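> Structure file coords30.cif (mmCIF, C-alpha atoms) right here:
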```
data_model
#
loop_
_atom_site.label_atom_id
_atom_site.label_comp_id
_atom_site.auth_asym_id
_atom_site.auth_seq_id
_atom_site.Cartn_x
_atom_site.Cartn_y
_atom_site.Cartn_z
CA MET N 253 -66.24 -81.15 28.66
CA SER N 254 -63.79 -78.54 27.50
CA LEU N 255 -60.01 -78.62 27.59
CA ILE N 256 -58.29 -75.42 28.65
CA GLU N 257 -54.99 -75.28 26.82
CA SER N 258 -52.90 -72.17 26.21
CA GLY N 259 -49.76 -70.46 27.34
CA PHE N 260 -51.78 -68.99 30.20
CA GLY N 261 -52.99 -72.23 31.81
CA GLN N 262 -54.36 -75.76 31.49
CA GLY N 263 -57.29 -77.70 32.86
CA VAL N 264 -60.73 -79.18 32.23
CA THR N 265 -64.20 -77.74 32.68
CA TRP N 266 -67.28 -79.95 32.89
CA ASN N 267 -70.89 -79.21 33.84
CA GLY N 268 -70.07 -75.55 34.26
CA GLY N 269 -67.13 -75.87 36.61
CA SER N 270 -63.49 -76.87 36.97
CA PHE N 271 -63.02 -80.64 37.06
CA PHE N 272 -60.02 -82.95 37.26
CA PRO N 273 -61.17 -86.30 35.80
CA GLU N 274 -59.77 -89.45 37.41
CA ILE N 275 -61.09 -92.28 35.24
CA TYR N 276 -60.98 -95.77 36.71
CA ASP N 277 -59.87 -98.22 34.01
CA GLY N 278 -60.37 -101.41 35.99
CA ARG N 279 -63.22 -103.86 36.41
CA GLY N 280 -65.87 -103.80 39.11
CA GLU N 281 -66.76 -100.95 41.40
CA VAL N 282 -64.97 -97.62 41.19
CA PRO N 283 -62.61 -96.89 44.13
CA SER N 284 -63.39 -93.80 46.18
CA SER N 285 -60.24 -92.05 44.91
CA PHE N 286 -61.64 -91.98 41.35
CA ASN N 287 -64.50 -89.75 40.19
CA VAL N 288 -65.26 -91.35 36.79
CA GLY N 289 -66.19 -94.96 36.05
CA ARG N 290 -65.49 -96.67 32.72
CA VAL N 291 -68.32 -98.67 31.14
CA HIS N 292 -67.08 -101.04 28.43
CA LEU N 293 -69.54 -101.67 25.58
CA ASP N 294 -68.82 -104.34 22.98
CA ALA N 295 -69.46 -102.60 19.64
CA SER N 296 -67.39 -104.99 17.52
CA LEU N 297 -68.51 -106.79 14.38
CA ARG N 298 -69.71 -109.84 16.32
CA SER N 299 -71.54 -107.93 19.03
CA LEU N 300 -75.30 -108.40 19.46
CA LEU N 301 -75.39 -104.97 21.14
CA ARG N 302 -76.99 -106.44 24.25
CA TRP N 303 -75.63 -104.18 26.94
CA GLU N 304 -78.09 -104.78 29.81
CA GLU N 305 -75.40 -105.82 32.30
CA GLU N 306 -73.20 -102.88 31.39
CA LEU N 307 -76.09 -100.44 31.78
CA SER N 308 -76.79 -101.85 35.24
CA GLN N 309 -73.17 -101.09 36.05
CA ALA N 310 -73.60 -97.52 34.77
CA ILE N 311 -76.63 -97.07 37.04
CA ARG N 312 -74.56 -98.17 40.04
CA PHE N 313 -71.78 -95.76 39.13
CA VAL N 314 -74.20 -92.85 38.89
CA ARG N 315 -75.83 -93.86 42.16
CA ASP N 316 -72.38 -93.71 43.78
CA GLY N 317 -71.86 -90.19 42.48
CA LYS N 318 -69.45 -91.08 39.67
CA ALA N 319 -69.41 -89.62 36.18
CA LEU N 320 -69.43 -92.02 33.23
CA PHE N 321 -66.80 -92.75 30.62
CA TRP N 322 -68.24 -95.02 27.94
CA GLU N 323 -65.82 -97.11 25.91
CA LEU N 324 -67.22 -98.22 22.57
CA ASP N 325 -65.00 -101.15 21.68
CA PHE N 326 -65.07 -101.49 17.89
CA GLY N 327 -62.62 -104.38 17.98
CA ARG N 328 -59.24 -104.73 16.33
CA GLY N 329 -57.82 -101.52 14.93
CA GLU N 330 -57.07 -103.04 11.53
CA CYS N 331 -60.78 -103.77 10.99
CA LEU N 332 -61.57 -100.08 11.23
CA GLY N 333 -59.87 -99.37 7.93
CA GLU N 334 -61.75 -102.07 6.00
CA GLU N 335 -64.71 -100.65 4.12
CA GLU N 336 -66.81 -103.83 4.31
CA HIS N 337 -66.72 -103.68 8.12
CA TYR N 338 -67.81 -100.08 8.43
CA LEU N 339 -71.61 -100.43 8.31
CA PRO N 340 -71.93 -102.72 11.40
CA LEU N 341 -69.75 -100.31 13.36
CA GLU N 342 -71.90 -97.40 12.23
CA LEU N 343 -75.01 -99.28 13.40
CA ALA N 344 -73.40 -99.82 16.80
CA SER N 345 -72.66 -96.10 17.07
CA ARG N 346 -76.24 -95.21 16.19
CA HIS N 347 -77.55 -97.78 18.68
CA PHE N 348 -75.51 -96.15 21.46
CA VAL N 349 -76.78 -92.68 20.56
CA GLU N 350 -80.43 -93.70 20.29
CA LYS N 351 -80.78 -96.29 23.06
CA VAL N 352 -78.15 -95.47 25.68
CA TYR N 353 -76.92 -91.90 25.65
CA PRO N 354 -80.25 -90.05 26.14
CA ASP N 355 -80.71 -91.57 29.61
CA TYR N 356 -77.17 -90.74 30.73
CA CYS N 357 -76.23 -87.55 28.90
CA GLU N 358 -75.99 -85.45 32.06
CA ASN N 359 -73.70 -88.00 33.71
CA THR N 360 -71.48 -88.68 30.69
CA PHE N 361 -68.01 -87.20 30.87
CA GLY N 362 -66.75 -88.71 27.60
CA VAL N 363 -66.79 -91.58 25.12
CA GLY N 364 -63.70 -93.61 24.19
CA ILE N 365 -63.74 -94.98 20.66
CA TYR N 366 -60.19 -96.29 20.21
CA ARG N 367 -57.53 -97.95 22.37
CA GLY N 368 -54.16 -99.12 21.08
CA GLU N 369 -51.09 -98.04 19.15
CA LEU N 370 -51.49 -95.13 16.78
CA PRO N 371 -54.13 -95.98 14.16
CA SER N 372 -53.40 -96.19 10.45
CA ASP N 373 -54.58 -93.42 8.13
CA SER N 374 -57.55 -95.50 6.96
CA ALA N 375 -58.51 -96.43 10.53
CA TYR N 376 -58.29 -92.78 11.59
CA ARG N 377 -60.58 -91.76 8.73
CA ALA N 378 -63.06 -94.43 9.83
CA LEU N 379 -62.93 -93.16 13.41
CA ARG N 380 -63.66 -89.63 12.25
CA SER N 381 -66.64 -90.90 10.25
CA LEU N 382 -67.94 -92.94 13.19
CA GLY N 383 -67.48 -89.96 15.45
CA ALA N 384 -69.89 -87.97 13.30
CA PHE N 385 -72.73 -90.21 14.54
CA LEU N 386 -71.88 -89.79 18.21
CA PRO N 387 -73.16 -87.01 20.51
CA GLU N 388 -71.77 -83.56 19.81
CA ASN N 389 -71.72 -82.58 23.48
CA ALA N 390 -69.81 -85.67 24.65
CA PRO N 391 -66.06 -85.49 23.92
CA LEU N 392 -64.65 -88.45 22.02
CA PHE N 393 -61.37 -89.96 23.20
CA LEU N 394 -58.55 -91.87 21.56
CA LEU N 395 -56.39 -93.85 23.98
CA LEU N 396 -53.02 -93.93 22.24
CA ASP N 397 -50.24 -96.26 23.35
CA THR N 398 -46.84 -94.78 22.47
CA SER N 399 -44.84 -97.15 24.70
CA SER N 400 -42.93 -98.64 21.76
CA ILE N 401 -41.66 -95.26 20.54
CA GLU N 402 -38.05 -94.83 21.62
CA GLU N 403 -37.02 -91.60 19.85
CA ARG N 404 -38.29 -88.26 21.11
CA SER N 405 -38.63 -86.73 17.66
CA LEU N 406 -40.63 -89.75 16.48
CA TYR N 407 -42.99 -89.29 19.43
CA PHE N 408 -43.67 -85.70 18.42
CA SER N 409 -43.92 -86.39 14.69
CA THR N 410 -46.36 -89.30 15.08
CA LEU N 411 -48.61 -87.53 17.60
CA SER N 412 -48.61 -84.20 15.77
CA PRO N 413 -51.42 -85.17 13.31
CA PHE N 414 -53.69 -86.24 16.21
CA ALA N 415 -53.10 -83.25 18.48
CA TYR N 416 -55.50 -80.31 18.31
CA GLY N 417 -57.89 -82.39 16.19
CA PRO N 418 -61.49 -83.56 16.65
CA PHE N 419 -60.62 -86.02 19.43
CA SER N 420 -59.40 -85.70 22.99
CA LEU N 421 -56.30 -87.79 23.66
CA ALA N 422 -55.14 -90.05 26.47
CA ILE N 423 -51.50 -91.02 26.01
CA ARG N 424 -49.54 -93.93 27.44
CA GLY N 425 -45.76 -94.03 27.31
CA GLU N 426 -42.46 -92.71 28.58
CA TRP N 427 -42.52 -89.45 26.65
CA GLN N 428 -45.92 -88.41 27.98
CA GLY N 429 -44.40 -88.48 31.45
CA LYS N 430 -41.28 -86.65 30.29
CA TYR N 431 -43.20 -83.90 28.45
CA PRO N 432 -46.61 -83.70 30.16
CA TYR N 433 -47.41 -80.16 28.99
CA ALA N 434 -46.39 -80.67 25.36
CA PHE N 435 -49.76 -81.85 24.00
CA PRO N 436 -53.19 -81.30 25.57
CA SER N 437 -53.81 -84.88 26.71
CA PHE N 438 -54.79 -87.11 29.58
CA SER N 439 -52.25 -89.49 31.06
CA TRP N 440 -53.05 -93.15 30.43
CA ASP N 441 -51.19 -95.27 33.00
CA SER N 442 -48.20 -92.95 32.64
CA GLY N 443 -46.89 -89.74 34.15
CA PRO N 444 -48.67 -86.76 35.66
CA SER N 445 -51.01 -84.49 33.71
CA PRO N 446 -52.75 -81.15 34.29
CA TRP N 447 -55.83 -82.36 32.38
CA GLY N 448 -56.68 -85.77 33.85
CA TYR N 449 -55.74 -89.44 33.86
CA ILE N 450 -57.10 -92.88 33.16
CA GLY N 451 -55.77 -95.96 34.90
CA THR N 452 -56.15 -98.39 37.77
CA LYS N 453 -53.82 -96.62 40.18
CA GLN N 454 -53.96 -93.14 41.60
CA GLY N 455 -52.55 -90.61 39.14
CA GLU N 456 -50.79 -87.33 39.78
CA LYS N 457 -52.29 -83.94 39.01
CA LEU N 458 -49.97 -81.27 37.67
CA ALA N 459 -50.74 -77.66 38.50
CA SER N 460 -51.88 -75.27 35.81
CA ARG N 461 -49.08 -72.90 34.89
CA GLU N 462 -48.04 -70.28 32.40
CA LEU N 463 -46.08 -71.71 29.48
CA PRO N 464 -44.49 -68.91 27.47
CA THR N 465 -42.24 -71.36 25.58
CA ALA N 466 -43.35 -73.50 22.62
CA ILE N 467 -41.92 -75.58 19.79
CA CYS N 468 -43.34 -75.30 16.27
CA LEU N 469 -43.63 -78.79 14.76
CA PRO N 470 -43.13 -79.12 10.98
CA GLU N 471 -45.72 -80.86 8.83
CA GLY N 472 -43.33 -82.70 6.53
CA GLU N 473 -40.51 -85.21 6.94
CA GLU N 474 -37.74 -82.64 7.30
CA GLY N 475 -36.78 -80.69 10.39
CA TRP N 476 -36.99 -83.46 12.97
CA LYS N 477 -33.24 -83.62 13.60
CA GLU N 478 -33.50 -79.95 14.45
CA ILE N 479 -36.38 -80.75 16.81
CA GLU N 480 -34.01 -83.10 18.66
CA LYS N 481 -31.55 -80.21 19.05
CA ILE N 482 -34.31 -77.96 20.38
CA LEU N 483 -35.32 -80.61 22.91
CA ASP N 484 -31.71 -80.90 24.06
CA HIS N 485 -31.52 -77.12 24.39
CA LEU N 486 -34.72 -76.89 26.48
CA GLY N 487 -33.75 -79.73 28.81
CA ASP N 488 -36.31 -80.01 31.61
CA LYS N 489 -37.98 -76.70 30.83
CA PRO N 490 -41.72 -77.26 30.19
CA PHE N 491 -43.09 -76.24 26.81
CA ARG N 492 -45.98 -76.66 24.43
CA ALA N 493 -45.62 -78.49 21.10
CA ILE N 494 -47.70 -76.75 18.42
CA PRO N 495 -48.02 -78.15 14.88
CA GLU N 496 -47.57 -75.44 12.28
CA ARG N 497 -51.07 -76.08 10.87
CA VAL N 498 -52.70 -74.71 14.05
CA LEU N 499 -50.06 -72.18 15.05
CA THR N 500 -52.22 -69.09 14.53
CA HIS N 501 -55.00 -70.47 16.73
CA GLU N 502 -52.74 -71.80 19.47
CA TRP N 503 -50.06 -69.18 20.11
CA ASP N 504 -51.95 -67.38 22.90
CA GLY N 505 -49.57 -66.88 25.79
CA VAL N 506 -46.51 -67.95 23.81
CA GLU N 507 -43.65 -65.47 24.01
CA ARG N 508 -40.76 -67.53 22.62
CA LEU N 509 -41.19 -70.02 19.78
CA TYR N 510 -38.48 -72.51 18.81
CA VAL N 511 -38.54 -73.38 15.11
CA PRO N 512 -36.52 -75.91 13.08
CA SER N 513 -34.46 -74.32 10.31
CA ARG N 514 -35.86 -76.86 7.83
CA GLY N 515 -39.24 -78.42 7.21
CA ILE N 516 -41.59 -75.48 7.76
CA SER N 517 -43.94 -75.01 4.80
CA PHE N 518 -44.57 -71.76 2.92
CA GLN N 519 -47.88 -71.37 4.77
CA GLY N 520 -46.09 -72.05 8.04
CA GLU N 521 -43.55 -69.32 7.37
CA ARG N 522 -46.41 -66.87 6.79
CA LYS N 523 -47.83 -67.82 10.19
CA LEU N 524 -44.42 -67.30 11.77
CA ARG N 525 -44.30 -63.77 10.34
CA GLY N 526 -47.69 -63.18 11.92
CA PHE N 527 -46.36 -64.41 15.26
CA LEU N 528 -43.46 -61.95 15.01
CA ALA N 529 -45.83 -59.14 14.10
CA ALA N 530 -47.87 -59.96 17.20
CA GLY N 531 -44.80 -59.38 19.37
CA GLY N 532 -43.45 -62.92 19.65
CA HIS N 533 -39.81 -63.97 19.53
CA ILE N 534 -38.48 -66.80 17.34
CA GLU N 535 -35.33 -68.87 17.75
CA ARG N 536 -34.28 -71.20 14.92
CA PHE N 537 -32.15 -74.31 15.22
#
```
Mind converting the file's structure to structure tokens?

Amino acid sequence: MSLIESGFGQGVTWNGGSFFPEIYDGRGEVPSSFNVGRVHLDASLRSLLRWEEELSQAIRFVRDGKALFWELDFGRGECLGEEEHYLPLELASRHFVEKVYPDYCENTFGVGIYRGELPSDSAYRALRSLGAFLPENAPLFLLLDTSSIEERSLYFSTLSPFAYGPFSLAIRGEWQGKYPYAFPSFSWDSGPSPWGYIGTKQGEKLASRELPTAICLPEGEEGWKEIEKILDHLGDKPFRAIPERVLTHEWDGVERLYVPSRGISFQGERKLRGFLAAGGHIERF
């Protein structure tokens, strides 16, 4: 699976072609309106890793022509950051790779390894380590619940470290629906998305479109009041949100970049000069 994300268009490719994933997040059989079934695997500390019933479910999904989305449930998020709990979770990851994945690799769309509010720094490091044991050709997903975030700038500042990283994202919350093009992400029980959705009800597919407008997100604690002003200025105009750390790699198709007057690092300013040299236009707030 590959996410297409630039100022020129958005979408997903899988098995050599364009694909809009509609992942059913409920129990039982997958409705006809969905093309991917979720298989929940208990990979928590207390699990015996006996997944026979779940594998029977996966066989039925494949027989019905559905792709597979495995969810490795490592348990409570706080346990992920505790070093003494790491080894059993690593063993569960290895067990999945050795005993399950080889028989279903061609049918696997992705693997979910986290579901909940944004993980702590220690939990995120553990997830990255666990991800190293999982298949390279199967995208790993974090299902992030941002429903409790009320401020727009806080939404962007808290998601910025996770965007454009090693994991694909599925986001739940008001701001995902308000700014569906901002981050490359699936919708999780929220608004429409051009990349895909996961839920129990039919989602809405947004069309791929050119997005010549983007916001540069600062790395530090300053500049977020200015981000609020930029958001007010843009109103309902769609845009991409690009953290300064990945600006050089992600500015394809961007013609106008909105930048906070504070908070951009020295390295970020160098990247902005490169953007100007490439013919881009910058507006500061």
> On this structure, which residues satisfy the PyMOL selection byres ((chain N and resi 260) around 7), written as a list in words?
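With the shown file as input, the PyMOL selection byres ((chain N and resi 260) around 7) matches Ser258, Gly259, Gly261, Arg461, Glu462, Leu463 and Gly505 of chain N.
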> Neighbours of region 374-390 of chain N within 12 Å (all atoms listed in the file; same-chain residues fewer than 6 positions away dropped), as an MDAnalysis selection string?
chainID N and resid 253:254 266:267 295 320:322 324:350 352:354 356:368 396 413:414 417:420
> Starting from the displayed file, determine the output of the PyMOL selection byres ((chain N and resi 481-498) around 6) and express the residue list as JSON, numbers by chain.
{"N": [433, 434, 465, 466, 467, 468, 469, 470, 478, 479, 480, 499, 500, 501, 520]}
> I need the residue nearest Ile450 (chain N) from this list: N:Arg312, N:Arg525, N:Arg424, N:Lys477. Use all atoms listed in the file for the distance.
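Between N:Arg312, N:Arg525, N:Arg424, N:Lys477, the residue approaching Ile450 (chain N) most closely is N:Arg424.
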> Expand the PyMOL selection byres ((chain N and resi 451) around 8) into the individual residues it matches in the shown file, reporting them as an NGL selection string.
:N and (275-278 or 440-441 or 449-450 or 452-455)
> N:Val506, N:Val288, N:Ala422, N:Val264: which is nearest Leu394 (chain N), counting all atoms listed in the file?
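Closest to Leu394 (chain N) of all the choices is N:Ala422.
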> List the spatial neighbours of region 472-476 of chain N as a count of residues only - criterion: any atom at most 8 Å away, only C-alpha atoms, same-chain residues fewer than 5 positions off excluded.
8
> Could you tell me how far CA of Glu369 (chain N) lies from CA of Ile423 (chain N), in Å and to one decimal?
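So the answer is 9.8 Å.
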> By how many Å are CA of Pro391 (chain N) and CA of Pro464 (chain N) apart?
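Pair CA of Pro391 (chain N) / CA of Pro464 (chain N) returns 27.4 Å.
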> Could you state the separation of CA of Glu403 (chain N) and CA of Leu524 (chain N) in Å, given to one decimal place?
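Computed distance, CA of Glu403 (chain N) to CA of Leu524 (chain N), equals 26.7 Å.
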> Between N:Ser399, N:Ser412, N:Ser439, N:Ser445, which is the closest to Glu426 (chain N) once you count all atoms listed in the file?
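Looking only at the distances to Glu426 (chain N), the closest residue turns out to be N:Ser399.
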> Measuring atom to atom with all atoms listed in the file, identify which of N:Glu521, N:Asp397, N:Glu304, N:Glu471 is nearest to Ile534 (chain N).
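Checking each of N:Glu521, N:Asp397, N:Glu304, N:Glu471 against Ile534 (chain N), counting all atoms listed in the file, the winner is N:Glu521.
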> Quick one: 8 Å padding each side, axis-aligned, all listed atoms of region 383-402 of chain N - centre and edge lengths in Å to one decimal, as AutoDock Vina command-line options?

```
--center_x -55.6 --center_y -90.6 --center_z 19.0 --size_x 51.1 --size_y 32.1 --size_z 27.4
```
> What would region 385-400 of chain N look like with N, CA and C atoms in place, written as a PDB file, keeping the file's coordinate frame?

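Wrote rebuild.pdb, looks like this:
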```pdb
ATOM      1  N   PHE N 385     -71.436 -89.699  14.089  1.00  0.00           N
ATOM      2  CA  PHE N 385     -72.730 -90.210  14.540  1.00  0.00           C
ATOM      3  C   PHE N 385     -72.905 -90.115  16.048  1.00  0.00           C
ATOM      4  N   LEU N 386     -71.845 -89.801  16.752  1.00  0.00           N
ATOM      5  CA  LEU N 386     -71.880 -89.790  18.210  1.00  0.00           C
ATOM      6  C   LEU N 386     -72.231 -88.394  18.732  1.00  0.00           C
ATOM      7  N   PRO N 387     -72.646 -88.281  19.980  1.00  0.00           N
ATOM      8  CA  PRO N 387     -73.160 -87.010  20.510  1.00  0.00           C
ATOM      9  C   PRO N 387     -72.152 -85.871  20.393  1.00  0.00           C
ATOM     10  N   GLU N 388     -72.638 -84.713  19.971  1.00  0.00           N
ATOM     11  CA  GLU N 388     -71.770 -83.560  19.810  1.00  0.00           C
ATOM     12  C   GLU N 388     -71.271 -83.027  21.154  1.00  0.00           C
ATOM     13  N   ASN N 389     -72.092 -83.167  22.189  1.00  0.00           N
ATOM     14  CA  ASN N 389     -71.720 -82.580  23.480  1.00  0.00           C
ATOM     15  C   ASN N 389     -70.969 -83.545  24.387  1.00  0.00           C
ATOM     16  N   ALA N 390     -70.618 -84.721  23.879  1.00  0.00           N
ATOM     17  CA  ALA N 390     -69.810 -85.670  24.650  1.00  0.00           C
ATOM     18  C   ALA N 390     -68.458 -85.814  23.948  1.00  0.00           C
ATOM     19  N   PRO N 391     -67.366 -85.405  24.581  1.00  0.00           N
ATOM     20  CA  PRO N 391     -66.060 -85.490  23.920  1.00  0.00           C
ATOM     21  C   PRO N 391     -65.678 -86.933  23.620  1.00  0.00           C
ATOM     22  N   LEU N 392     -65.081 -87.127  22.458  1.00  0.00           N
ATOM     23  CA  LEU N 392     -64.650 -88.450  22.020  1.00  0.00           C
ATOM     24  C   LEU N 392     -63.148 -88.597  22.263  1.00  0.00           C
ATOM     25  N   PHE N 393     -62.759 -89.738  22.804  1.00  0.00           N
ATOM     26  CA  PHE N 393     -61.370 -89.960  23.200  1.00  0.00           C
ATOM     27  C   PHE N 393     -60.714 -91.058  22.378  1.00  0.00           C
ATOM     28  N   LEU N 394     -59.431 -90.827  22.073  1.00  0.00           N
ATOM     29  CA  LEU N 394     -58.550 -91.870  21.560  1.00  0.00           C
ATOM     30  C   LEU N 394     -57.525 -92.163  22.640  1.00  0.00           C
ATOM     31  N   LEU N 395     -57.418 -93.431  23.032  1.00  0.00           N
ATOM     32  CA  LEU N 395     -56.390 -93.850  23.980  1.00  0.00           C
ATOM     33  C   LEU N 395     -55.222 -94.400  23.176  1.00  0.00           C
ATOM     34  N   LEU N 396     -54.139 -93.632  23.123  1.00  0.00           N
ATOM     35  CA  LEU N 396     -53.020 -93.930  22.240  1.00  0.00           C
ATOM     36  C   LEU N 396     -51.821 -94.446  23.037  1.00  0.00           C
ATOM     37  N   ASP N 397     -51.370 -95.634  22.676  1.00  0.00           N
ATOM     38  CA  ASP N 397     -50.240 -96.260  23.350  1.00  0.00           C
ATOM     39  C   ASP N 397     -48.962 -95.972  22.560  1.00  0.00           C
ATOM     40  N   THR N 398     -48.102 -95.133  23.131  1.00  0.00           N
ATOM     41  CA  THR N 398     -46.840 -94.780  22.470  1.00  0.00           C
ATOM     42  C   THR N 398     -45.645 -95.450  23.149  1.00  0.00           C
ATOM     43  N   SER N 399     -45.898 -96.510  23.915  1.00  0.00           N
ATOM     44  CA  SER N 399     -44.840 -97.150  24.700  1.00  0.00           C
ATOM     45  C   SER N 399     -43.690 -97.675  23.853  1.00  0.00           C
ATOM     46  N   SER N 400     -43.975 -98.054  22.613  1.00  0.00           N
ATOM     47  CA  SER N 400     -42.930 -98.640  21.760  1.00  0.00           C
ATOM     48  C   SER N 400     -42.078 -97.592  21.062  1.00  0.00           C
TER      49      SER N 400
END
```
